[in-house]
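Colleague: Input: one structure, supplied below.
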Amino acid sequence: MADETKTDGPAAGETPAAPAAPSHTAPAAAHAAPKPAAPRPPAAPLPDLAGKTTTAASAGGAAAKAATAPAAAKPAASSRAADDTSPLLTRRAWMGLAWGAFSAASAAALAATGRFMFPNVLNEPPQQFKAGFPTEYGMGVDERWKEKFGVWIVRTPDDIDQHASGFYALSVTCTHLGCTPNYLSAEAKFKCPCHGSGFRTTGVNFEGPAPRPLERVRVVLAEDGQILIDKSRHFQRELGQWTDPEAFLKA
Ligand code: FES
């Protein structure tokens with residue numbers, strides 16, 4: 001009897017053996033057991049409020065984390081002043097726009113002021129010019145001086161007022177409202193494109209709203225034998241001025 005008791009229990013001073021698991025359940029349990037998680041990297045040290053370096057897990061780290069989070073969101077809110085209630089732009093943007101507009105207006109005013117330092121120069125043709133020799137002209141209307149000097153030179157065998165052959169110079173300004181008529185050689189007349197006034201080659205008006213004939217300008221013979229046209233002196237037929245000796249060059 002004493003031997004049986006000895007063999008069932010551990011001897012004094014021995015570590016009792018763990019009960020053996022049933023042999024058919026041991027592999028399944030080992031398969032289902034979760035794998036131990038990989039060790040996490042140590043948390044980055046965060047400065048706590050007291051200037052110490054600590055971790056987020058520590059009490060100081062949590063406090064530092066809580067303190068730094070609002071600070072990151074702060075710049076967006078700090079772009080406006082506390083009393084800036086503008087709905088669209090910040091006060092700084094409005095000030096920028098105002099300064100831009102002011103600068104542009106100042107530059108424009110400066111440019112306008114500077115423009116007065118350089119007055120307009122009117123390159124008007126001279127009032128007098130030599131129009132060549134009489135032999136260079138045939139009978140009828142000559143338009144070579146219309147664009148440059150604003151006159152037609154007409155050679156006629158018999159002028160209506162001078163009753164002689166020679167030259168007269170007609171102003172190209174319509175006596176209605178100042179347009180420039182065109183010479184229509186086929187119809188032997190001047191026709192104003194603005195309101196339809198018509199003038200004979202003599203300059204006398206005969207149709208349209210023009211109230212009086214075209215004006216003639218001074219025409220004389222220069223010392224060198226050329227025709228000299230002088231636009232500074234005009235002659236009006238309705239005033240009886242076409243009979244003036246300088247309103248017609250006999251030739
Ligand atoms: S301006 Fe020539 S007809 Fe009126």
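Every chain in the structure tokens has a letter given in the order shown (A, B, ...), and although residue numbers restart at 1 in each chain, ligands are simply numbered from 1 in the order shown.
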Could you give me the residues within 8 Å of ligand 1, counting only C-alpha atoms and all ligand atoms, as a PyMOL selection string?

Modeller: chain A and resi 173-181+191-198+208-210

Colleague: Residues near Glu246 in chain A, anyone? I mean within 7 Å using only C-alpha atoms, not counting same-chain ones fewer than 6 positions away, as a PyMOL selection string.

Modeller: chain A and resi 218-220

Colleague: Keeping only all heavy atoms, write the selected residues as a tab-separated table (two decimals), in the first residue's frame.

Modeller:
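Result went into result04.tsv, see below:
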chain	number	residue	atom	x	y	z
A	218	ARG	N	-7.27	132.35	-105.18
A	218	ARG	CA	-6.40	133.23	-105.95
A	218	ARG	C	-5.47	132.41	-106.86
A	218	ARG	O	-4.85	131.44	-106.42
A	218	ARG	CB	-5.57	134.08	-104.99
A	218	ARG	CG	-4.60	135.04	-105.67
A	218	ARG	CD	-3.97	135.98	-104.63
A	218	ARG	NE	-2.94	136.82	-105.24
A	218	ARG	CZ	-1.65	136.69	-105.02
A	218	ARG	NH1	-1.19	135.77	-104.19
A	218	ARG	NH2	-0.79	137.51	-105.60
A	219	VAL	N	-5.41	132.86	-108.10
A	219	VAL	CA	-4.50	132.19	-109.05
A	219	VAL	C	-3.82	133.28	-109.87
A	219	VAL	O	-4.47	134.14	-110.49
A	219	VAL	CB	-5.26	131.18	-109.94
A	219	VAL	CG1	-6.46	131.81	-110.65
A	219	VAL	CG2	-4.31	130.56	-110.96
A	220	VAL	N	-2.49	133.26	-109.85
A	220	VAL	CA	-1.69	134.25	-110.58
A	220	VAL	C	-0.52	133.53	-111.21
A	220	VAL	O	-0.31	132.33	-110.98
A	220	VAL	CB	-1.18	135.37	-109.63
A	220	VAL	CG1	-2.35	136.20	-109.08
A	220	VAL	CG2	-0.34	134.79	-108.50

Colleague: Within 7 Å of Pro134 in chain A, counting only C-alpha atoms, which residues qualify if same-chain residues fewer than 3 places away don't, as a PyMOL selection string?

Modeller: chain A and resi 137+226-227

Colleague: Taking into account only C-alpha atoms, which residue in the set A:Asp83, A:Glu207, A:Glu215, A:Asp142 is nearest to Phe167 in chain A?

Modeller: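 The answer is A:Asp142, which sits nearest to Phe167 in chain A.
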
Colleague: Using only C-alpha atoms for the distances, tell me which of A:Gln241, A:Ser232, A:Gln127, A:Thr156 is nearest to Thr202 in chain A.

Modeller: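 Ranked by minimum distance to Thr202 in chain A, first place goes to A:Thr156.
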
Colleague: So how far away is CA of Ile153 in chain A from CA of Arg233 in chain A, in Å?

Modeller: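 Separation between CA of Arg233 in chain A and CA of Ile153 in chain A: 15.2 Å.
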
Colleague: So that I can check the surroundings of range 236-238 of chain A, please list as a list of chain:residue names every protein, DNA and RNA residue that reaches within 7 Å of it, counting only C-alpha atoms and ignoring chain neighbours fewer than 2 positions away.

Modeller: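 Those residues are A:Pro213, A:Glu215, A:Arg216, A:His234, A:Gly240, A:Gln241, A:Trp242.
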